[in-house]
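Raw contents of target.cif, mmCIF, C-alpha atoms:
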data_upload
loop_
_atom_site.label_atom_id
_atom_site.label_comp_id
_atom_site.auth_asym_id
_atom_site.auth_seq_id
_atom_site.Cartn_x
_atom_site.Cartn_y
_atom_site.Cartn_z
CA MET U 601 0.00 0.00 0.00
CA SER U 602 2.79 2.43 0.86
CA VAL U 603 4.15 2.05 -2.70
CA TYR U 604 0.90 3.45 -4.05
CA ARG U 605 0.90 6.25 -1.47
CA GLU U 606 4.41 7.24 -2.46
CA ILE U 607 3.53 7.16 -6.17
CA THR U 608 0.52 9.35 -5.47
CA HIS U 609 2.53 11.88 -3.46
CA ASN U 610 5.23 11.96 -6.18
CA GLY U 611 2.81 12.33 -9.06
CA LEU U 612 0.63 15.00 -7.52
CA TRP U 613 3.25 17.09 -5.76
CA ARG U 614 6.86 16.11 -5.05
CA GLN U 615 7.84 15.05 -8.59
CA ASN U 616 4.92 16.75 -10.32
CA ALA U 617 5.60 16.53 -14.06
CA ILE U 618 5.17 20.24 -14.62
CA LEU U 619 5.82 22.03 -11.33
CA ALA U 620 8.85 19.96 -10.33
CA GLN U 621 10.20 18.34 -13.50
CA LEU U 622 9.12 21.11 -15.94
CA LEU U 623 8.28 18.51 -18.59
CA GLY U 624 5.75 18.79 -21.40
CA LEU U 625 5.73 22.57 -21.54
CA CYS U 626 4.94 22.71 -25.27
CA PRO U 627 1.41 21.24 -25.14
CA LEU U 628 0.95 22.85 -21.73
CA LEU U 629 1.45 26.36 -23.04
CA ALA U 630 -0.32 25.82 -26.35
CA VAL U 631 -3.53 24.34 -24.99
CA SER U 632 -4.09 26.02 -21.62
CA THR U 633 -5.97 29.03 -23.03
CA THR U 634 -9.22 27.96 -21.35
CA LEU U 635 -10.13 25.59 -18.54
CA VAL U 636 -12.15 23.26 -20.79
CA ASN U 637 -9.35 22.93 -23.36
CA ALA U 638 -6.76 22.33 -20.67
CA VAL U 639 -8.71 19.65 -18.82
CA SER U 640 -9.68 17.95 -22.10
CA LEU U 641 -6.04 17.57 -23.14
CA GLY U 642 -5.21 16.47 -19.61
CA LEU U 643 -7.81 13.67 -19.62
CA ALA U 644 -6.53 12.31 -22.92
CA THR U 645 -3.00 12.47 -21.53
CA ILE U 646 -3.98 10.46 -18.43
CA LEU U 647 -5.38 7.71 -20.65
CA VAL U 648 -2.28 7.55 -22.86
CA MET U 649 0.12 7.65 -19.90
CA ALA U 650 -1.60 4.81 -18.09
CA LEU U 651 -1.75 2.71 -21.27
CA ALA U 652 1.85 3.43 -22.29
CA ASN U 653 3.19 2.68 -18.82
CA PHE U 654 1.19 -0.54 -18.69
CA ALA U 655 2.30 -1.71 -22.14
CA VAL U 656 5.98 -0.93 -21.56
CA ALA U 657 6.00 -2.59 -18.13
CA LEU U 658 4.38 -5.65 -19.67
CA LEU U 659 6.94 -5.87 -22.49
CA ARG U 660 9.98 -4.65 -20.52
CA GLY U 661 11.58 -8.12 -20.45
CA PHE U 662 11.75 -8.22 -24.25
CA ILE U 663 13.17 -4.75 -24.89
CA PRO U 664 16.99 -4.65 -25.21
CA TYR U 665 18.52 -1.73 -23.29
CA GLU U 666 20.29 -0.25 -26.37
CA ILE U 667 17.13 0.23 -28.40
CA ARG U 668 14.71 0.99 -25.57
CA ILE U 669 14.06 4.61 -26.62
CA PRO U 670 12.98 3.83 -30.23
CA VAL U 671 10.83 0.98 -28.96
CA PHE U 672 9.23 3.22 -26.30
CA ILE U 673 8.49 5.89 -28.92
CA LEU U 674 7.07 3.22 -31.20
CA ILE U 675 4.78 1.92 -28.46
CA ILE U 676 3.64 5.41 -27.40
CA ALA U 677 2.99 6.54 -30.98
CA ALA U 678 1.06 3.36 -31.79
CA LEU U 679 -1.06 3.72 -28.65
CA VAL U 680 -1.82 7.36 -29.40
CA THR U 681 -2.85 6.42 -32.95
CA ILE U 682 -5.12 3.68 -31.64
CA VAL U 683 -6.68 5.93 -28.97
CA ASP U 684 -7.19 8.59 -31.66
CA LEU U 685 -8.97 6.14 -34.00
CA LEU U 686 -11.13 4.63 -31.26
CA PHE U 687 -12.18 8.04 -29.94
CA ASN U 688 -13.02 9.21 -33.44
CA ALA U 689 -15.13 6.13 -34.15
CA TYR U 690 -16.92 5.47 -30.88
CA LEU U 691 -16.83 8.71 -28.87
CA HIS U 692 -17.21 11.12 -31.74
CA GLU U 693 -18.73 14.00 -29.74
CA LEU U 694 -15.81 13.99 -27.34
CA TYR U 695 -13.42 13.53 -30.24
CA LEU U 696 -14.60 16.78 -31.78
CA VAL U 697 -13.30 18.50 -28.65
CA LEU U 698 -10.21 16.44 -27.90
CA GLY U 699 -9.39 15.40 -31.45
CA ILE U 700 -6.86 18.07 -32.25
CA PHE U 701 -5.07 17.47 -28.95
CA ILE U 702 -4.66 13.70 -29.06
CA PRO U 703 -1.83 13.63 -31.66
CA LEU U 704 -0.11 16.33 -29.58
CA ILE U 705 0.31 13.82 -26.77
CA VAL U 706 3.07 12.06 -28.73
CA THR U 707 5.11 15.25 -28.47
CA ASN U 708 4.58 15.39 -24.71
CA CYS U 709 7.86 14.25 -23.21
CA ILE U 710 6.16 13.46 -19.88
CA VAL U 711 4.92 10.22 -21.39
CA LEU U 712 8.36 9.10 -22.56
CA ALA U 713 9.93 10.29 -19.32
CA ARG U 714 7.62 8.18 -17.16
CA VAL U 715 7.98 5.14 -19.37
CA GLU U 716 11.78 5.41 -19.20
CA ALA U 717 12.08 6.33 -15.53
CA PHE U 718 9.36 4.16 -14.05
CA ALA U 719 7.53 1.67 -16.27
CA ALA U 720 10.75 0.04 -17.53
CA ARG U 721 11.57 -1.00 -13.94
CA HIS U 722 8.21 -1.91 -12.41
CA SER U 723 5.39 -4.41 -12.79
CA PRO U 724 2.45 -3.53 -15.09
CA GLY U 725 -0.08 -2.78 -12.34
CA VAL U 726 2.15 -0.38 -10.42
CA ALA U 727 3.34 1.22 -13.68
CA ALA U 728 -0.22 1.81 -14.93
CA PHE U 729 -1.06 3.41 -11.57
CA ASP U 730 2.00 5.64 -11.82
CA GLY U 731 1.02 6.75 -15.33
CA PHE U 732 -2.50 7.49 -14.13
CA VAL U 733 -1.36 9.53 -11.13
CA MET U 734 1.31 11.41 -13.11
CA GLY U 735 -1.49 12.23 -15.56
CA ILE U 736 -3.65 13.55 -12.69
CA GLY U 737 -0.68 15.67 -11.59
CA PHE U 738 -0.56 17.06 -15.15
CA VAL U 739 -4.33 17.70 -15.20
CA TRP U 740 -4.58 19.69 -12.01
CA VAL U 741 -1.69 21.95 -12.96
CA ILE U 742 -2.79 22.50 -16.57
CA GLY U 743 -6.39 22.93 -15.39
CA LEU U 744 -5.41 25.60 -12.84
CA LEU U 745 -3.25 27.34 -15.44
CA GLY U 746 -6.10 27.22 -17.96
CA ALA U 747 -8.58 28.60 -15.42
CA LEU U 748 -6.27 31.47 -14.41
CA ARG U 749 -5.53 32.37 -18.03
CA GLU U 750 -9.19 32.24 -18.98
CA ILE U 751 -10.33 34.43 -16.06
CA ALA U 752 -7.56 36.98 -16.61
CA GLY U 753 -7.80 36.86 -20.40
CA GLN U 754 -11.51 36.96 -21.09
CA GLY U 755 -13.22 37.11 -17.71
CA THR U 756 -15.04 33.80 -18.07
CA LEU U 757 -14.74 30.24 -16.80
CA PHE U 758 -15.85 27.06 -18.57
CA ALA U 759 -15.94 28.67 -22.04
CA GLY U 760 -16.46 25.88 -24.58
CA ILE U 761 -18.27 23.59 -22.11
CA GLU U 762 -21.24 23.51 -24.52
CA MET U 763 -19.15 21.23 -26.75
CA ILE U 764 -19.18 18.62 -23.99
CA VAL U 765 -22.42 19.31 -22.07
CA ASP U 766 -25.34 20.40 -24.22
CA GLY U 767 -26.97 23.64 -23.13
CA ALA U 768 -24.30 24.52 -20.58
CA GLY U 769 -22.63 27.90 -20.95
CA ALA U 770 -19.58 29.76 -19.76
CA TRP U 771 -19.67 31.58 -16.42
CA GLN U 772 -19.18 35.30 -16.79
CA LEU U 773 -17.03 35.99 -13.71
CA LEU U 774 -15.94 39.52 -14.53
CA PRO U 775 -18.28 42.30 -15.75
CA GLN U 776 -19.64 41.84 -19.29
CA ASP U 777 -17.70 44.89 -20.55
CA TYR U 778 -14.37 43.55 -19.25
CA PRO U 779 -12.02 44.44 -22.12
CA GLY U 780 -9.99 41.24 -21.88
CA PHE U 781 -6.29 40.92 -21.20
CA LEU U 782 -4.59 39.70 -24.36
CA LEU U 783 -1.27 38.89 -22.68
CA ALA U 784 -2.89 36.17 -20.55
CA ILE U 785 -4.25 34.44 -23.65
CA LEU U 786 -1.01 34.58 -25.65
CA PRO U 787 1.87 32.17 -24.83
CA PRO U 788 4.01 34.74 -22.93
CA GLY U 789 1.16 35.09 -20.42
CA ALA U 790 1.22 31.34 -19.93
CA PHE U 791 4.92 31.55 -19.07
CA PHE U 792 4.28 34.31 -16.52
CA ILE U 793 1.43 32.48 -14.81
CA LEU U 794 3.27 29.15 -14.85
CA GLY U 795 6.30 30.90 -13.36
CA LEU U 796 4.15 32.25 -10.52
CA MET U 797 2.69 28.78 -9.92
CA ILE U 798 6.17 27.20 -9.73
CA ALA U 799 7.29 29.94 -7.37
CA GLY U 800 4.22 29.26 -5.23
CA ARG U 801 5.01 25.56 -5.09
CA ASN U 802 8.64 26.24 -4.14
CA TRP U 803 7.52 28.67 -1.45
CA LEU U 804 5.11 26.10 0.07
CA ASP U 805 7.85 23.44 0.03
CA HIS U 806 10.36 25.83 1.55
CA ARG U 807 7.95 26.72 4.34
CA ALA U 808 7.23 23.04 5.04
CA ASN U 809 10.99 22.33 5.21
CA GLU U 810 11.60 25.23 7.60
CA ARG U 811 8.84 24.01 9.89
CA ALA U 812 10.17 20.45 9.86
CA LYS U 813 13.65 21.77 10.69
CA ALA U 814 12.30 23.90 13.53
CA ARG U 815 10.40 20.92 14.93
CA LEU U 816 13.55 18.78 14.77
CA LEU U 817 15.58 21.43 16.58
CA ALA U 818 12.90 21.78 19.23
CA GLN U 819 12.87 18.03 19.78
CA ARG U 820 16.65 17.90 20.03
CA ALA U 821 16.64 20.77 22.50
CA ALA U 822 13.99 19.01 24.55
CA SER U 823 15.92 15.72 24.63
CA THR U 824 19.22 17.35 25.71
CA ALA U 825 17.56 19.44 28.37
CA MET R 1169 31.52 -12.03 -34.31
CA SER R 1170 29.56 -11.84 -31.13
CA ALA R 1171 29.18 -8.06 -31.53
CA LEU R 1172 27.71 -8.66 -34.96
CA ARG R 1173 25.34 -11.25 -33.55
CA VAL R 1174 24.18 -8.89 -30.81
CA SER R 1175 23.55 -6.18 -33.40
CA LEU R 1176 21.59 -8.53 -35.63
CA ARG R 1177 19.57 -9.80 -32.70
CA THR R 1178 18.76 -6.24 -31.58
CA ALA R 1179 17.77 -5.27 -35.12
CA ALA R 1180 15.54 -8.33 -35.36
CA ILE R 1181 13.82 -7.44 -32.08
CA LEU R 1182 13.21 -3.88 -33.26
CA LEU R 1183 11.79 -5.26 -36.50
CA VAL R 1184 9.44 -7.57 -34.61
CA PHE R 1185 8.21 -4.70 -32.42
CA THR R 1186 7.66 -2.52 -35.49
CA LEU R 1187 5.74 -5.24 -37.33
CA ALA R 1188 3.63 -6.13 -34.31
CA PHE R 1189 2.58 -2.56 -33.54
CA THR R 1190 2.03 -1.69 -37.20
CA ALA R 1191 -0.23 -4.74 -37.49
CA LEU R 1192 -2.11 -3.62 -34.36
CA MET R 1193 -2.62 -0.13 -35.78
CA ALA R 1194 -3.73 -1.52 -39.16
CA LEU R 1195 -6.23 -3.79 -37.43
CA VAL R 1196 -7.77 -0.96 -35.40
CA HIS R 1197 -7.80 1.24 -38.51
CA ASP R 1198 -9.71 -1.37 -40.52
CA LEU R 1199 -12.15 -2.00 -37.69
CA THR R 1200 -12.99 1.68 -37.23
CA GLN R 1201 -13.06 2.67 -40.92
CA PRO R 1202 -16.79 2.02 -41.62
CA VAL R 1203 -17.80 3.92 -38.47
CA LEU R 1204 -15.47 6.79 -39.38
CA GLN R 1205 -16.91 7.12 -42.88
CA ALA R 1206 -20.45 7.16 -41.54
CA THR R 1207 -19.60 9.86 -39.00
CA ALA R 1208 -17.78 11.91 -41.65
CA GLN R 1209 -20.94 11.85 -43.82
CA GLU R 1210 -23.07 12.75 -40.83
CA ALA R 1211 -20.72 15.61 -39.96
CA LYS R 1212 -20.91 16.90 -43.53
CA ARG R 1213 -24.70 16.72 -43.42
CA ARG R 1214 -24.76 18.66 -40.16
CA LEU R 1215 -22.36 21.25 -41.57
CA ILE R 1216 -24.60 21.78 -44.57
CA ALA R 1217 -27.68 21.97 -42.33
CA ALA R 1218 -26.06 24.93 -40.53
CA VAL R 1219 -26.23 27.03 -43.72
CA LEU R 1220 -29.25 25.50 -45.45
CA PRO R 1221 -32.22 23.90 -43.63
CA PRO R 1222 -32.87 20.34 -44.87
CA ALA R 1223 -36.53 21.23 -45.43
CA ALA R 1224 -35.54 23.61 -48.24
CA TYR R 1225 -34.62 20.85 -50.67
CA ASP R 1226 -35.65 17.29 -51.53
CA ASN R 1227 -32.65 15.84 -53.40
CA ASP R 1228 -29.65 13.95 -51.98
CA LEU R 1229 -27.16 16.75 -51.44
CA LEU R 1230 -24.25 14.41 -50.79
CA ALA R 1231 -24.76 12.79 -54.23
CA ASP R 1232 -25.58 15.87 -56.33
CA VAL R 1233 -22.07 17.30 -56.38
CA VAL R 1234 -19.63 19.07 -58.66
CA GLU R 1235 -15.93 18.51 -58.06
CA LEU R 1236 -14.13 21.81 -57.69
CA PRO R 1237 -10.39 22.14 -58.35
CA PRO R 1238 -8.36 24.27 -55.90
CA LEU R 1239 -9.82 27.66 -56.88
CA PRO R 1240 -7.78 30.72 -55.88
CA GLU R 1241 -10.91 32.91 -56.36
CA LEU R 1242 -12.43 31.08 -53.37
CA GLY R 1243 -9.17 31.02 -51.44
CA LEU R 1244 -9.07 27.24 -51.74
CA THR R 1245 -5.80 25.35 -51.83
CA GLU R 1246 -7.31 21.88 -52.07
CA PRO R 1247 -10.00 20.33 -54.28
CA THR R 1248 -13.47 20.48 -52.71
CA ARG R 1249 -17.04 19.53 -53.55
CA LEU R 1250 -19.89 21.83 -54.36
CA HIS R 1251 -23.35 20.52 -53.43
CA ARG R 1252 -26.49 21.44 -55.36
CA ALA R 1253 -29.80 21.65 -53.52
CA ARG R 1254 -32.93 21.21 -55.65
CA ARG R 1255 -36.64 20.96 -54.99
CA GLY R 1256 -38.74 19.12 -57.52
CA GLY R 1257 -35.76 19.32 -59.85
CA GLN R 1258 -35.64 23.13 -59.64
CA PRO R 1259 -32.43 24.80 -58.38
CA VAL R 1260 -32.65 25.92 -54.74
CA ALA R 1261 -29.13 26.67 -53.60
CA LEU R 1262 -25.44 25.97 -54.05
CA VAL R 1263 -23.51 24.87 -50.97
CA PHE R 1264 -19.73 25.14 -51.15
CA GLU R 1265 -16.61 25.90 -49.20
CA ALA R 1266 -14.41 28.96 -49.36
CA ALA R 1267 -11.59 30.35 -47.29
CA ALA R 1268 -10.31 33.69 -46.08
CA PRO R 1269 -6.53 33.51 -46.37
CA ASP R 1270 -5.98 36.67 -44.32
CA GLY R 1271 -7.30 35.97 -40.81
CA TYR R 1272 -5.37 37.23 -37.79
CA SER R 1273 -3.79 33.77 -37.38
CA GLY R 1274 -3.91 32.41 -40.90
CA ARG R 1275 -6.63 30.80 -42.91
CA ILE R 1276 -10.33 30.87 -41.96
CA GLY R 1277 -12.43 28.10 -43.53
CA LEU R 1278 -16.01 28.95 -44.52
CA ILE R 1279 -19.06 27.13 -45.82
CA LEU R 1280 -21.72 29.08 -47.72
CA ALA R 1281 -25.13 28.45 -49.22
CA VAL R 1282 -26.11 30.73 -52.11
CA ARG R 1283 -29.77 30.64 -53.09
CA ALA R 1284 -30.72 30.47 -56.75
CA ASP R 1285 -32.40 33.91 -56.42
CA GLY R 1286 -29.02 35.46 -55.62
CA ARG R 1287 -29.33 35.76 -51.85
CA LEU R 1288 -26.75 34.36 -49.49
CA ALA R 1289 -28.69 31.84 -47.37
CA ALA R 1290 -26.00 31.77 -44.68
CA VAL R 1291 -22.28 31.47 -44.07
CA ARG R 1292 -20.51 29.65 -41.22
CA VAL R 1293 -16.93 29.36 -40.11
CA THR R 1294 -15.74 25.77 -40.35
CA GLN R 1295 -12.21 26.21 -39.09
CA HIS R 1296 -10.08 29.02 -37.76
CA ARG R 1297 -7.29 29.84 -35.35
CA GLU R 1298 -8.35 33.34 -34.33
CA THR R 1299 -7.44 34.45 -30.82
CA PRO R 1300 -9.77 32.84 -28.25
CA GLY R 1301 -11.98 35.42 -26.58
CA LEU R 1302 -11.00 38.12 -29.06
CA GLY R 1303 -11.34 37.27 -32.75
CA ASP R 1304 -13.14 33.95 -32.39
CA TYR R 1305 -16.61 35.55 -32.31
CA ILE R 1306 -16.72 34.85 -36.06
CA ASP R 1307 -17.66 31.31 -34.97
CA PRO R 1308 -21.22 31.51 -33.54
CA ARG R 1309 -20.41 28.81 -30.98
CA LYS R 1310 -17.74 31.09 -29.50
CA ASP R 1311 -19.71 34.30 -29.96
CA ARG R 1312 -20.70 35.73 -26.58
CA ASN R 1313 -23.73 37.38 -28.12
CA LYS R 1314 -25.85 34.22 -28.35
CA ALA R 1315 -29.05 36.04 -29.27
CA ALA R 1316 -27.60 37.64 -32.42
CA PRO R 1317 -24.27 36.05 -33.32
CA TRP R 1318 -22.04 38.22 -35.50
CA ILE R 1319 -22.01 35.84 -38.47
CA ARG R 1320 -25.83 35.92 -38.78
CA GLN R 1321 -25.82 39.44 -40.22
CA PHE R 1322 -24.89 37.91 -43.60
CA ASP R 1323 -28.05 35.77 -43.71
CA GLY R 1324 -30.27 36.72 -46.64
CA ARG R 1325 -27.99 39.48 -47.98
CA ASP R 1326 -27.55 39.98 -51.72
CA PHE R 1327 -25.99 42.35 -54.22
CA ALA R 1328 -29.41 43.38 -55.62
CA THR R 1329 -30.26 45.50 -52.56
CA MET R 1330 -26.78 46.73 -51.76
CA PRO R 1331 -23.86 47.64 -54.04
CA ARG R 1332 -20.86 45.35 -54.16
CA GLU R 1333 -18.58 48.08 -52.68
CA GLN R 1334 -20.77 48.13 -49.55
CA TRP R 1335 -19.94 44.50 -48.80
CA ARG R 1336 -17.33 45.53 -46.21
CA VAL R 1337 -17.02 46.02 -42.48
CA ARG R 1338 -18.13 49.42 -41.20
CA LYS R 1339 -14.56 50.44 -40.49
CA ASP R 1340 -13.84 50.15 -44.23
CA GLY R 1341 -16.98 52.06 -45.16
CA GLY R 1342 -19.27 49.05 -45.59
CA VAL R 1343 -22.46 47.89 -43.89
CA PHE R 1344 -21.27 44.99 -41.74
CA ASP R 1345 -20.45 45.42 -38.05
CA GLN R 1346 -17.18 44.40 -36.52
CA ARG R 1347 -16.33 44.04 -32.85
CA ALA R 1348 -13.90 46.51 -31.31
CA GLY R 1349 -10.34 45.28 -31.09
CA ALA R 1350 -10.73 42.44 -33.58
CA THR R 1351 -11.43 43.97 -36.97
CA VAL R 1352 -8.98 41.75 -38.85
CA SER R 1353 -11.00 38.56 -38.31
CA ALA R 1354 -14.29 40.25 -39.27
CA ARG R 1355 -12.74 41.91 -42.33
CA ALA R 1356 -11.26 38.61 -43.55
CA VAL R 1357 -14.58 36.77 -43.25
CA THR R 1358 -16.58 39.63 -44.80
CA GLN R 1359 -14.28 39.98 -47.82
CA ALA R 1360 -14.07 36.23 -48.42
CA THR R 1361 -17.87 35.89 -48.17
CA GLY R 1362 -18.40 38.70 -50.67
CA ARG R 1363 -15.89 37.19 -53.10
CA ALA R 1364 -17.47 33.73 -52.79
CA LEU R 1365 -20.99 35.07 -53.33
CA ALA R 1366 -19.88 36.98 -56.43
CA TRP R 1367 -18.08 33.89 -57.72
CA ALA R 1368 -21.19 31.71 -57.35
CA LEU R 1369 -23.55 34.26 -58.92
CA ALA R 1370 -21.33 34.72 -61.97
CA ARG R 1371 -21.55 31.05 -62.93
CA GLN R 1372 -24.48 29.50 -61.09
CA ASP R 1373 -26.44 28.59 -64.25
CA HIS R 1374 -23.44 26.65 -65.53
CA LEU R 1375 -22.92 24.99 -62.12
CA TYR R 1376 -26.56 23.80 -61.90
CA LEU R 1377 -26.36 22.34 -65.42
CA LEU R 1378 -23.22 20.22 -64.97
CA PRO R 1379 -23.96 16.49 -64.59
CA ALA R 1380 -23.67 15.11 -61.04
CA GLY R 1381 -20.12 14.14 -60.18
CA ALA R 1382 -18.69 16.27 -63.00
CA ARG R 1383 -15.59 18.38 -62.56
CA TYR R 1384 -15.82 22.14 -62.82
CA GLU R 1385 -12.89 23.18 -64.99
CA GLY R 1386 -12.63 26.74 -63.77
CA LYS R 1387 -13.50 28.26 -67.16
CA THR R 1388 -15.83 31.23 -67.16
CA PRO R 1389 -19.07 30.01 -68.70
#
Here is the file; what I need is its structure written in the form of structure tokens.
Amino acid sequence: MSVYREITHNGLWRQNAILAQLLGLCPLLAVSTTLVNAVSLGLATILVMALANFAVALLRGFIPYEIRIPVFILIIAALVTIVDLLFNAYLHELYLVLGIFIPLIVTNCIVLARVEAFAARHSPGVAAFDGFVMGIGFVWVIGLLGALREIAGQGTLFAGIEMIVDGAGAWQLLPQDYPGFLLAILPPGAFFILGLMIAGRNWLDHRANERAKARLLAQRAASTA
Amino acid sequence: MSALRVSLRTAAILLVFTLAFTALMALVHDLTQPVLQATAQEAKRRLIAAVLPPAAYDNDLLADVVELPPLPELGLTEPTRLHRARRGGQPVALVFEAAAPDGYSGRIGLILAVRADGRLAAVRVTQHRETPGLGDYIDPRKDRNKAAPWIRQFDGRDFATMPREQWRVRKDGGVFDQRAGATVSARAVTQATGRALAWALARQDHLYLLPAGARYEGKTP
């Protein structure tokens, strides 16, 4: 059980793909213009990461070390193609929203990084769980980034939700005549906001470390007294 | 010798992986193909229904087509199909694609229906990359004014009641509104729509007469 707890803690916070490892910035910046776009890409990424980790862990005994990277890329690209085709055929409504993002997942180095760093050394079940949780770690960060950019950029939240839920509409959070803030929508704005989020994470970690240190010192002082 | 054998073995393993995953992809592709074709037809039908209500015609639009070469007058870079709507054999409307090459972020794809009486039935944006929240109001699904989306102002317009030079956004001295801060997107769509309407009107008799499935050669009739 503790293995799963550690994987969860790593994926969501300590080794978070974006905030800690700074991986997959290209799709992150390109797609996080609105909350709905961001979460849609994130959900597709979770699926591909869990599948890729599972497949590689299953086949890891047959993959020679020297050619592992081409084989990993081959497996990831094939899985993305298959997910793309299946979505298009059987979940067409969702595909109309996610469709343009699914091929982008191949370019997301988080997937390859997890396959290489984790799935190649663990059993299929644990590896699939790791891919899933790393994907969740990606979703919450990209979702938050998308929400912040959307609110700052156009004053709404959930724009585009009508593509997924019929009849739903965007929330107008800021006044209707809010002029919009172009910088937040364009890629440089994504860099600024992501930078602030990383700084926030580092600050929280730093504070937690300081507290732990203070507690340790207090304990030591108590034991010597 | 042993190094050579290791290399050959590694190459063979890579080959096996490639073959296995290619076969897997081919299998899924073949399985999904019929479903994909059906959904593509359905999508096309829905796209056409956005510019021309199905009740307006009684022929099979997806069969009554003219193949169009990549026509620069329409901003097209790829061959497309023009659909002819008829009712009781009489021409009702032409449905075809066009593109505005000069959007704020590149090409804006359009679909138009031009009625046989010379009016534009409607125009819709099929694909664009205009800035979200700024220029994307040209797509009625992204337009914040749900009651009267920007693109609807073209519905029913023709050159008989307004001169060709008036087919412009207000900022350029025309009759069509644009939203503040995003004139480029509106101008691109307006110009391309005007060009496409003029193109269709100049040769619609010829287009209705061509046999179904024929290729339009781009000659002025």
Contact table chain R vs chain U, cut-off 9 Å, shortest pair per residue, only C-alpha atoms, as JSON lines:
{"residue": "R:Thr1178", "atom": "CA", "partner": "U:Pro664", "partner_atom": "CA", "distance": 6.8}
{"residue": "R:Ala1179", "atom": "CA", "partner": "U:Ile667", "partner_atom": "CA", "distance": 8.7}
{"residue": "R:Ile1181", "atom": "CA", "partner": "U:Ile663", "partner_atom": "CA", "distance": 7.7}
{"residue": "R:Leu1182", "atom": "CA", "partner": "U:Val671", "partner_atom": "CA", "distance": 6.9}
{"residue": "R:Phe1185", "atom": "CA", "partner": "U:Val671", "partner_atom": "CA", "distance": 7.1}
{"residue": "R:Thr1186", "atom": "CA", "partner": "U:Leu674", "partner_atom": "CA", "distance": 7.2}
{"residue": "R:Phe1189", "atom": "CA", "partner": "U:Ala678", "partner_atom": "CA", "distance": 6.4}
{"residue": "R:Thr1190", "atom": "CA", "partner": "U:Ala678", "partner_atom": "CA", "distance": 7.5}
{"residue": "R:Leu1192", "atom": "CA", "partner": "U:Ala678", "partner_atom": "CA", "distance": 8.1}
{"residue": "R:Met1193", "atom": "CA", "partner": "U:Ile682", "partner_atom": "CA", "distance": 6.2}
{"residue": "R:Val1196", "atom": "CA", "partner": "U:Ile682", "partner_atom": "CA", "distance": 6.5}
{"residue": "R:His1197", "atom": "CA", "partner": "U:Leu685", "partner_atom": "CA", "distance": 6.8}
{"residue": "R:Thr1200", "atom": "CA", "partner": "U:Ala689", "partner_atom": "CA", "distance": 5.8}
{"residue": "R:Gln1201", "atom": "CA", "partner": "U:Ala689", "partner_atom": "CA", "distance": 7.9}
{"residue": "R:Pro1202", "atom": "CA", "partner": "U:Ala689", "partner_atom": "CA", "distance": 8.7}
{"residue": "R:Val1203", "atom": "CA", "partner": "U:Ala689", "partner_atom": "CA", "distance": 5.5}
{"residue": "R:Leu1204", "atom": "CA", "partner": "U:Ala689", "partner_atom": "CA", "distance": 5.3}
{"residue": "R:Gln1205", "atom": "CA", "partner": "U:Ala689", "partner_atom": "CA", "distance": 9.0}
{"residue": "R:Thr1207", "atom": "CA", "partner": "U:Ala689", "partner_atom": "CA", "distance": 7.6}
{"residue": "R:Thr1299", "atom": "CA", "partner": "U:Ile785", "partner_atom": "CA", "distance": 7.8}
{"residue": "R:Pro1300", "atom": "CA", "partner": "U:Ile785", "partner_atom": "CA", "distance": 7.4}
{"residue": "R:Gly1301", "atom": "CA", "partner": "U:Gln754", "partner_atom": "CA", "distance": 5.7}
{"residue": "R:Leu1302", "atom": "CA", "partner": "U:Gly780", "partner_atom": "CA", "distance": 7.9}
{"residue": "R:Arg1309", "atom": "CA", "partner": "U:Gly760", "partner_atom": "CA", "distance": 8.1}
{"residue": "R:Lys1310", "atom": "CA", "partner": "U:Gly760", "partner_atom": "CA", "distance": 7.3}
Separation of CA of Arg1312 in chain R from CA of Pro775 in chain U in Å: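 Here the two named atoms are 12.9 Å from each other.
For the pair CA of Leu748 in chain U and CA of Trp613 in chain U, the separation is 19.3 Å.
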Given the PyMOL selection byres ((chain R and resi 1327-1339) around 9), the residues it picks as number ranges by chain: R: 1286-1287, 1325-1326, 1340-1346, 1351, 1354-1355, 1358-1359, 1361-1362, 1365-1366
Saved selection, atoms kept: C-alpha atoms, as a short mmCIF file (atom, residue, chain, number, x, y, z; two decimals), in the coordinates of the input:
data_model
loop_
_atom_site.label_atom_id
_atom_site.label_comp_id
_atom_site.auth_asym_id
_atom_site.auth_seq_id
_atom_site.Cartn_x
_atom_site.Cartn_y
_atom_site.Cartn_z
CA GLY R 1286 -29.02 35.46 -55.62
CA ARG R 1287 -29.33 35.76 -51.85
CA ARG R 1325 -27.99 39.48 -47.98
CA ASP R 1326 -27.55 39.98 -51.72
CA ASP R 1340 -13.84 50.15 -44.23
CA GLY R 1341 -16.98 52.06 -45.16
CA GLY R 1342 -19.27 49.05 -45.59
CA VAL R 1343 -22.46 47.89 -43.89
CA PHE R 1344 -21.27 44.99 -41.74
CA ASP R 1345 -20.45 45.42 -38.05
CA GLN R 1346 -17.18 44.40 -36.52
CA THR R 1351 -11.43 43.97 -36.97
CA ALA R 1354 -14.29 40.25 -39.27
CA ARG R 1355 -12.74 41.91 -42.33
CA THR R 1358 -16.58 39.63 -44.80
CA GLN R 1359 -14.28 39.98 -47.82
CA THR R 1361 -17.87 35.89 -48.17
CA GLY R 1362 -18.40 38.70 -50.67
CA LEU R 1365 -20.99 35.07 -53.33
CA ALA R 1366 -19.88 36.98 -56.43
#
Residue IDs satisfying the PyMOL selection byres ((chain R and resi 1216) around 10), as an MDAnalysis selection string: chainID R and resid 1210:1215 1217:1222 1229:1230 1251 1263:1264 1279:1281 1291:1292
Residues selected by the PyMOL selection byres ((chain U and resi 620) around 12), written as a PyMOL selection string: chain U and resi 610-619+621-625+710+734+737-738+741+794-795+797-802+805
